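So this one's query32.cif, mmCIF, C-alpha atoms:
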```
data_entry
#
loop_
_atom_site.label_atom_id
_atom_site.label_comp_id
_atom_site.auth_asym_id
_atom_site.auth_seq_id
_atom_site.Cartn_x
_atom_site.Cartn_y
_atom_site.Cartn_z
CA MET A 1 176.77 181.82 28.48
CA HIS A 2 177.90 178.71 30.32
CA ARG A 3 179.84 177.77 27.19
CA PHE A 4 181.73 181.03 27.40
CA THR A 5 182.49 180.45 31.06
CA SER A 6 183.72 176.94 30.38
CA PHE A 7 186.08 178.23 27.70
CA LEU A 8 187.23 180.94 30.08
CA PHE A 9 187.88 178.28 32.70
CA LEU A 10 189.77 176.18 30.16
CA GLY A 11 191.94 179.13 29.18
CA GLY A 12 192.71 179.94 32.78
CA PHE A 13 193.48 176.32 33.53
CA LEU A 14 195.86 176.09 30.54
CA PHE A 15 197.60 179.25 31.71
CA PHE A 16 197.91 177.79 35.20
CA LEU A 17 199.34 174.54 33.81
CA SER A 18 201.85 176.37 31.62
CA VAL A 19 203.01 178.50 34.55
CA LEU A 20 203.34 175.36 36.64
CA ALA A 21 205.32 173.63 33.89
CA GLY A 22 207.57 176.67 33.65
CA ILE A 23 208.31 176.70 37.36
CA LEU A 24 208.82 172.99 37.91
CA PRO A 25 212.37 171.76 37.24
CA LEU A 26 211.34 168.79 35.13
CA GLY A 27 213.91 166.02 35.27
CA ASP A 28 216.40 168.23 37.08
CA PRO A 29 217.33 165.98 39.97
CA PRO A 30 217.60 162.71 38.04
CA MET A 31 215.43 159.94 39.47
CA LEU A 32 217.78 157.19 40.54
CA ILE A 33 215.21 154.89 42.12
CA GLY A 34 213.81 153.79 38.74
CA GLN A 35 217.19 152.44 37.65
CA VAL A 36 217.61 150.55 40.91
CA ILE A 37 214.16 148.99 40.62
CA GLN A 38 214.81 148.00 37.01
CA ASN A 39 218.00 146.28 38.05
CA GLN A 40 216.81 144.59 41.23
CA GLY A 41 213.01 144.48 41.08
CA ALA A 42 212.60 141.21 39.24
CA THR A 43 215.04 139.30 41.40
CA GLU A 44 213.94 140.86 44.68
CA THR A 45 210.20 140.32 44.31
CA GLY A 46 210.04 137.64 41.63
CA ALA A 47 207.44 139.56 39.59
CA ALA A 48 208.01 139.84 35.85
CA ASN A 49 205.83 142.96 35.71
CA LEU A 50 207.84 145.65 37.42
CA VAL A 51 204.79 147.85 37.94
CA THR A 52 203.31 145.10 40.12
CA ALA A 53 206.64 144.77 41.91
CA VAL A 54 206.44 148.46 42.81
CA VAL A 55 202.71 148.62 43.54
CA LEU A 56 202.56 145.57 45.81
CA GLY A 57 206.13 144.80 46.72
CA TYR A 58 207.80 148.13 47.38
CA ARG A 59 204.82 150.31 48.33
CA GLY A 60 202.09 147.89 49.34
CA ILE A 61 200.82 150.14 52.11
CA ASP A 62 200.20 152.82 49.49
CA THR A 63 197.97 150.35 47.65
CA LEU A 64 196.15 149.66 50.91
CA GLY A 65 195.56 153.41 51.17
CA GLU A 66 194.17 153.44 47.63
CA LEU A 67 191.83 150.61 48.57
CA ALA A 68 190.72 152.52 51.65
CA ILE A 69 189.98 155.64 49.57
CA LEU A 70 188.01 153.57 47.07
CA PHE A 71 186.10 151.92 49.90
CA ALA A 72 185.26 155.28 51.45
CA ALA A 73 184.12 156.66 48.11
CA ALA A 74 181.97 153.61 47.32
CA THR A 75 180.46 153.62 50.81
CA ALA A 76 179.62 157.32 50.60
CA GLY A 77 178.13 156.83 47.15
CA GLY A 78 176.03 153.91 48.31
CA LEU A 79 174.89 155.86 51.36
CA VAL A 80 173.82 158.87 49.31
CA LEU A 81 172.13 156.74 46.67
CA SER A 82 170.21 154.49 49.03
CA SER A 83 169.08 157.20 51.49
CA GLY A 84 165.93 158.24 49.68
CA ARG A 85 164.98 154.89 48.27
CA ARG A 86 161.31 154.11 48.15
CA LYS A 87 160.34 150.55 47.42
CA SER A 88 156.73 151.40 46.71
CA SER A 89 156.81 151.70 42.96
CA VAL A 90 156.13 148.67 40.82
CA CYS A 91 159.26 147.93 38.85
CA SER A 92 158.44 148.30 35.19
CA ASP A 93 159.72 145.23 33.40
CA ASP A 94 160.66 146.81 30.10
CA ASP A 95 163.50 144.86 28.57
CA ALA A 96 166.50 146.56 27.05
CA GLY A 97 165.83 145.08 23.64
CA PHE A 98 167.05 142.07 21.72
CA ILE A 99 170.47 143.41 20.79
CA VAL A 100 171.50 144.46 24.29
CA LYS A 101 170.16 141.24 25.82
CA THR A 102 171.98 138.98 23.36
CA ALA A 103 175.16 141.02 23.61
CA ALA A 104 175.01 140.87 27.41
CA GLU A 105 174.63 137.09 27.37
CA LEU A 106 177.49 136.76 24.88
CA LEU A 107 179.83 139.24 26.55
CA PHE A 108 179.30 138.20 30.17
CA PRO A 109 181.52 135.07 30.13
CA LEU A 110 184.11 136.75 27.92
CA LEU A 111 184.36 139.74 30.24
CA VAL A 112 184.58 137.52 33.32
CA VAL A 113 187.38 135.47 31.76
CA ALA A 114 189.24 138.59 30.61
CA GLY A 115 188.91 140.23 34.01
CA LEU A 116 190.05 137.12 35.90
CA TYR A 117 192.96 136.66 33.47
CA ILE A 118 194.11 140.24 34.00
CA VAL A 119 193.80 139.87 37.78
CA ILE A 120 195.56 136.51 38.05
CA HIS A 121 198.35 137.39 35.61
CA GLY A 122 198.90 140.77 37.23
CA HIS A 123 202.47 139.90 38.19
CA LEU A 124 203.36 138.65 34.68
CA THR A 125 201.62 140.86 32.13
CA PRO A 126 200.44 144.47 32.14
CA GLY A 127 197.36 144.99 34.24
CA GLY A 128 196.44 143.76 37.66
CA GLY A 129 193.87 143.95 40.40
CA PHE A 130 192.52 147.40 39.69
CA GLN A 131 192.12 147.04 35.93
CA GLY A 132 190.79 143.47 36.11
CA GLY A 133 188.49 144.43 38.95
CA VAL A 134 186.93 147.21 36.89
CA ILE A 135 186.40 144.78 34.02
CA LEU A 136 184.81 142.26 36.42
CA ALA A 137 182.55 145.00 37.77
CA SER A 138 181.35 145.93 34.29
CA ALA A 139 180.85 142.22 33.51
CA PHE A 140 178.57 141.76 36.50
CA PHE A 141 176.76 145.01 35.77
CA LEU A 142 175.96 143.99 32.18
CA PRO A 143 173.10 141.57 33.03
CA LEU A 144 171.47 144.33 35.08
CA LEU A 145 171.63 146.62 32.08
CA ALA A 146 169.99 143.99 29.89
CA ARG A 147 167.28 143.05 32.41
CA PRO A 148 166.39 146.10 34.50
CA SER A 149 164.05 144.11 36.73
CA ALA A 150 166.87 141.88 37.96
CA LYS A 151 168.39 142.80 41.32
CA MET A 152 171.97 142.35 42.34
CA ASN A 153 172.60 140.39 45.50
CA HIS A 154 174.13 143.11 47.65
CA LYS A 155 174.74 140.77 50.56
CA VAL A 156 177.03 138.52 48.51
CA MET A 157 178.77 141.57 47.09
CA SER A 158 179.54 143.05 50.49
CA LEU A 159 180.66 139.64 51.76
CA VAL A 160 183.11 139.25 48.87
CA GLU A 161 184.32 142.81 49.38
CA GLY A 162 184.80 142.41 53.13
CA PHE A 163 186.57 139.07 52.88
CA SER A 164 188.95 140.22 50.16
CA GLY A 165 189.80 143.39 52.08
CA ALA A 166 190.39 141.33 55.21
CA ALA A 167 192.55 138.90 53.23
CA PHE A 168 194.75 141.76 52.02
CA ILE A 169 195.30 143.02 55.56
CA CYS A 170 195.81 139.48 56.92
CA ILE A 171 198.55 138.79 54.37
CA GLY A 172 200.12 142.08 55.40
CA LEU A 173 199.91 141.15 59.09
CA ILE A 174 201.46 137.72 58.49
CA GLY A 175 204.30 139.55 56.76
CA LEU A 176 204.58 141.88 59.74
CA PHE A 177 204.74 139.15 62.38
CA ASN A 178 206.84 136.59 60.55
CA HIS A 179 209.09 138.70 58.35
CA GLY A 180 209.46 142.03 60.07
CA ALA A 181 207.48 144.46 57.94
CA PHE A 182 203.84 145.07 57.06
CA LEU A 183 203.02 143.60 53.63
CA GLN A 184 206.50 142.13 53.35
CA PRO A 185 206.32 139.56 50.52
CA PHE A 186 206.96 136.08 51.82
CA LEU A 187 206.34 132.61 50.29
CA SER A 188 208.81 131.34 47.70
CA LYS A 189 209.55 133.64 44.79
CA GLY A 190 209.72 130.83 42.25
CA VAL A 191 210.93 131.32 38.69
CA VAL A 192 210.40 134.79 37.25
CA GLY A 193 207.75 134.63 34.53
CA GLU A 194 205.85 131.57 35.73
CA LEU A 195 202.24 131.71 36.90
CA PHE A 196 203.04 130.50 40.42
CA SER A 197 205.80 132.92 41.24
CA ALA A 198 206.43 136.20 43.05
CA GLY A 199 205.35 134.89 46.45
CA THR A 200 202.32 136.68 47.88
CA LEU A 201 201.98 139.33 45.18
CA PRO A 202 199.43 137.36 43.07
CA LEU A 203 197.38 136.63 46.19
CA LEU A 204 197.35 140.32 47.09
CA TYR A 205 196.33 141.23 43.55
CA ILE A 206 193.49 138.68 43.56
CA ALA A 207 192.23 140.24 46.81
CA VAL A 208 192.49 143.72 45.26
CA GLY A 209 190.68 142.58 42.11
CA LEU A 210 187.80 140.97 43.98
CA LYS A 211 187.46 143.98 46.28
CA VAL A 212 187.48 146.54 43.47
CA GLY A 213 185.12 144.44 41.36
CA ALA A 214 182.58 143.88 44.13
CA GLU A 215 182.72 147.52 45.24
CA LEU A 216 182.24 149.05 41.82
CA ALA A 217 179.60 146.52 40.76
CA GLY A 218 177.66 147.32 43.92
CA LEU A 219 178.00 151.04 43.28
CA LEU A 220 176.80 150.73 39.68
CA ALA A 221 173.90 148.53 40.76
CA ALA A 222 172.90 151.05 43.43
CA LEU A 223 172.99 153.83 40.86
CA ASN A 224 170.86 151.79 38.48
CA GLU A 225 168.35 150.59 41.08
CA GLU A 226 167.73 154.04 42.46
CA ASP A 227 167.18 155.23 38.95
CA ASP A 228 164.56 152.52 38.39
CA THR A 229 162.51 153.61 41.36
CA GLU A 230 162.85 157.25 40.37
CA GLU A 231 161.54 156.42 36.94
CA GLY A 232 158.69 154.48 38.46
CA ASN A 233 157.81 157.47 40.61
CA GLU A 234 157.90 159.74 37.61
CA HIS A 235 155.52 157.49 35.73
CA ALA A 236 153.13 157.27 38.64
CA MET B 1 205.72 157.36 11.83
CA ILE B 2 204.73 157.15 15.49
CA GLU B 3 204.75 160.93 15.70
CA TRP B 4 202.09 161.06 12.97
CA PHE B 5 199.95 158.51 14.80
CA LEU B 6 200.27 160.55 17.97
CA PHE B 7 199.47 163.73 16.05
CA VAL B 8 196.25 162.22 14.67
CA ILE B 9 195.24 160.86 18.08
CA VAL B 10 195.88 164.19 19.77
CA ILE B 11 193.82 166.00 17.13
CA ILE B 12 190.96 163.52 17.68
CA MET B 13 191.25 163.95 21.45
CA LEU B 14 191.25 167.73 21.25
CA SER B 15 188.26 167.83 18.92
CA ALA B 16 186.38 165.33 21.10
CA ALA B 17 187.12 167.40 24.20
CA ILE B 18 185.85 170.58 22.53
CA MET B 19 182.81 168.66 21.23
CA ALA B 20 182.05 167.52 24.80
CA MET B 21 181.69 171.15 25.81
CA LEU B 22 179.77 172.28 22.73
CA LEU B 23 177.27 169.45 22.29
CA ASP B 24 173.73 170.10 23.46
CA ASN B 25 172.89 166.43 23.88
CA LEU B 26 174.48 165.47 27.20
CA LEU B 27 174.60 161.77 26.30
CA ALA B 28 176.61 162.59 23.18
CA ALA B 29 178.86 164.79 25.32
CA THR B 30 179.46 161.83 27.65
CA VAL B 31 180.39 159.62 24.70
CA SER B 32 182.79 162.21 23.33
CA ALA B 33 184.36 162.57 26.77
CA SER B 34 184.99 158.83 26.73
CA VAL B 35 186.57 159.21 23.27
CA VAL B 36 189.13 161.50 24.94
CA SER B 37 189.96 158.74 27.42
CA LEU B 38 190.22 156.16 24.64
CA GLY B 39 192.66 158.38 22.74
CA LEU B 40 194.64 158.91 25.92
CA ALA B 41 194.81 155.13 26.39
CA MET B 42 196.23 154.77 22.87
CA VAL B 43 198.78 157.49 23.60
CA PHE B 44 199.81 155.57 26.72
CA VAL B 45 200.28 152.44 24.60
CA PHE B 46 202.55 154.36 22.25
CA LEU B 47 204.49 155.68 25.23
CA LYS B 48 205.03 152.04 26.32
CA ALA B 49 202.95 152.26 29.49
CA PRO B 50 200.50 149.38 28.98
CA ASP B 51 199.50 149.26 32.66
CA VAL B 52 198.41 152.88 32.66
CA ALA B 53 196.76 152.38 29.28
CA MET B 54 194.65 149.52 30.63
CA THR B 55 193.62 151.57 33.64
CA GLU B 56 192.72 154.50 31.44
CA ALA B 57 190.71 152.33 29.05
CA ALA B 58 188.87 150.47 31.83
CA VAL B 59 188.26 153.36 34.22
CA GLY B 60 188.34 156.45 32.01
CA ALA B 61 186.59 155.16 28.92
CA GLY B 62 184.45 152.43 30.46
CA LEU B 63 183.51 153.02 34.05
CA SER B 64 183.44 156.80 34.29
CA SER B 65 181.33 157.21 31.16
CA LEU B 66 179.02 154.50 32.49
CA ILE B 67 178.67 156.36 35.78
CA LEU B 68 178.11 159.65 33.95
CA ALA B 69 175.47 158.02 31.74
CA LEU B 70 173.70 156.47 34.75
CA GLY B 71 173.81 159.85 36.45
CA LEU B 72 172.22 161.45 33.40
CA LYS B 73 169.53 158.78 33.46
CA ARG B 74 168.92 159.41 37.14
CA LEU B 75 168.64 163.18 36.62
CA GLY B 76 166.20 162.70 33.76
CA LEU B 77 168.60 164.17 31.20
CA TRP B 78 168.91 160.94 29.20
CA LYS B 79 167.59 161.98 25.81
CA LEU B 80 168.39 159.98 22.72
CA ASP B 81 166.30 161.66 20.03
CA ASN B 82 164.19 164.22 21.89
CA ASP B 83 166.74 166.90 21.15
CA GLU B 84 166.80 166.18 17.46
CA GLU B 85 163.02 166.32 17.31
CA ASP B 86 163.08 169.60 19.17
CA ASN B 87 165.65 171.06 16.86
CA SER B 88 163.93 170.02 13.66
#
```
Taking this structure as input, can you express it in the form of structure tokens?
Amino acid sequence: MHRFTSFLFLGGFLFFLSVLAGILPLGDPPMLIGQVIQNQGATETGAANLVTAVVLGYRGIDTLGELAILFAAATAGGLVLSSGRRKSSVCSDDDAGFIVKTAAELLFPLLVVAGLYIVIHGHLTPGGGFQGGVILASAFFLPLLARPSAKMNHKVMSLVEGFSGAAFICIGLIGLFNHGAFLQPFLSKGVVGELFSAGTLPLLYIAVGLKVGAELAGLLAALNEEDDTEEGNEHA
Amino acid sequence: MIEWFLFVIVIIMLSAAIMAMLLDNLLAATVSASVVSLGLAMVFVFLKAPDVAMTEAAVGAGLSSLILALGLKRLGLWKLDNDEEDNS
């Protein structure tokens, strides 16, 4: 029955989408801003990756809003997950097996390096704080998956998260007081395509990456921990 | 050539999406939902949007399926072979 309803929902949703696509004048007023950014973006912000130039240079406050939404979601998730936690049960120390443990030990440094690379080179190559942060979060969650008895240090996680969020806003405020606009890129732009270029954009992306990574790793750990105690209660 | 690649990927995505609704094993449904995201990431690569492709691969295929799987585990619906034993 629920299969039938899901197909019904899918059909209705497709109909809705097709009606919407029929109404919307796709590409009717030509978007001129894209051409302008392609022409000026690299020289104005110094970032070789134009997506980063837009995300942090032209609409940085939008990114701050995204971070705020993510923070609210992670906080709410953590609140819901940790509300009914009972620490009474003895944590069963069943390992995840040889393959997962070895793979976790092998993959952990690789994932950390890949995540940091994507974060730090956000202004040069595709990717950036959000993508690299998610990879960092999964890297730090992997050891927990391999060894369920291990606990993540939530204090360190929240410290990293708070400091990186504060760093993002501080960079924005320095831009506001010294250069006239919130999150205005300052510092020297350097040569387009070099690692130390694009002014404050790499710093902002590092802050974003650390914040996203710490937040999501904490959320995953909370989900996993709660599950452990639940399982323990079920066994008991 | 690229059209054929896209055609194959879209077919895989559509079948994985339908499988996600039809499968009885919820863990398998989660995996097939992440296959949809992986296909979408490849489509984004073909459309020359590598940034979006990375986000889709990291968030859609990796993180969201991980969260779904942990949620299944938490709800006690994590069954690897119980279903098969029941069916046989």
query: chain B residues within 12 Å of chain A, counting all atoms listed in the file: which ones, as a PyMOL selection string?
result: chain B and resi 17-24+45+48-78
Restricting the output to C-alpha atoms, write the selected residues as an mmCIF file, keeping the file's coordinate frame.
```
data_model
loop_
_atom_site.group_PDB
_atom_site.id
_atom_site.type_symbol
_atom_site.label_atom_id
_atom_site.label_comp_id
_atom_site.auth_asym_id
_atom_site.auth_seq_id
_atom_site.Cartn_x
_atom_site.Cartn_y
_atom_site.Cartn_z
ATOM 1 C CA ALA B 17 187.120 167.400 24.200
ATOM 2 C CA ILE B 18 185.850 170.580 22.530
ATOM 3 C CA MET B 19 182.810 168.660 21.230
ATOM 4 C CA ALA B 20 182.050 167.520 24.800
ATOM 5 C CA MET B 21 181.690 171.150 25.810
ATOM 6 C CA LEU B 22 179.770 172.280 22.730
ATOM 7 C CA LEU B 23 177.270 169.450 22.290
ATOM 8 C CA ASP B 24 173.730 170.100 23.460
ATOM 9 C CA VAL B 45 200.280 152.440 24.600
ATOM 10 C CA LYS B 48 205.030 152.040 26.320
ATOM 11 C CA ALA B 49 202.950 152.260 29.490
ATOM 12 C CA PRO B 50 200.500 149.380 28.980
ATOM 13 C CA ASP B 51 199.500 149.260 32.660
ATOM 14 C CA VAL B 52 198.410 152.880 32.660
ATOM 15 C CA ALA B 53 196.760 152.380 29.280
ATOM 16 C CA MET B 54 194.650 149.520 30.630
ATOM 17 C CA THR B 55 193.620 151.570 33.640
ATOM 18 C CA GLU B 56 192.720 154.500 31.440
ATOM 19 C CA ALA B 57 190.710 152.330 29.050
ATOM 20 C CA ALA B 58 188.870 150.470 31.830
ATOM 21 C CA VAL B 59 188.260 153.360 34.220
ATOM 22 C CA GLY B 60 188.340 156.450 32.010
ATOM 23 C CA ALA B 61 186.590 155.160 28.920
ATOM 24 C CA GLY B 62 184.450 152.430 30.460
ATOM 25 C CA LEU B 63 183.510 153.020 34.050
ATOM 26 C CA SER B 64 183.440 156.800 34.290
ATOM 27 C CA SER B 65 181.330 157.210 31.160
ATOM 28 C CA LEU B 66 179.020 154.500 32.490
ATOM 29 C CA ILE B 67 178.670 156.360 35.780
ATOM 30 C CA LEU B 68 178.110 159.650 33.950
ATOM 31 C CA ALA B 69 175.470 158.020 31.740
ATOM 32 C CA LEU B 70 173.700 156.470 34.750
ATOM 33 C CA GLY B 71 173.810 159.850 36.450
ATOM 34 C CA LEU B 72 172.220 161.450 33.400
ATOM 35 C CA LYS B 73 169.530 158.780 33.460
ATOM 36 C CA ARG B 74 168.920 159.410 37.140
ATOM 37 C CA LEU B 75 168.640 163.180 36.620
ATOM 38 C CA GLY B 76 166.200 162.700 33.760
ATOM 39 C CA LEU B 77 168.600 164.170 31.200
ATOM 40 C CA TRP B 78 168.910 160.940 29.200
#
```
Nearest to Leu56 (chain A) among A:Val192, A:Ala42, A:Leu201, A:Val212, with distances taken over all atoms listed in the file: which residue is it?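 Of all the options, A:Leu201 lies closest to Leu56 (chain A).
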Translate the PyMOL selection byres ((chain A and resi 60) around 10), as applied to the file shown, into an explicit residue set as an MDAnalysis selection string.
chainID A and resid 52:59 61:66 168 172 182:185 201 204
Pick the closest to Ser197 (chain A) from A:Ser82, A:Thr45, A:Ser164, A:Thr5: which is it, counting all atoms listed in the file?
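Distance minimum relative to Ser197 (chain A) lands on A:Thr45.
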For Gly39 (chain B), work out the shell of residues within 6 Å, counting all atoms listed in the file and skipping chain neighbours fewer than 3 positions away, then give it as a ChimeraX atom specification. /B:9,13,36,42
Worksheet item: Could you name the residues that touch Leu6 (chain B) at 10 Å or less, counting all atoms listed in the file, but leaving out those on the same chain fewer than 2 positions away, as a list of chain:residue names?
Response: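 Counting all atoms listed in the file, the residues come to B:Met1, B:Ile2, B:Glu3, B:Trp4, B:Val8, B:Ile9, B:Val10, B:Ile11, B:Ile12, B:Gly39, B:Leu40, B:Met42, B:Val43, B:Phe46, B:Leu47.
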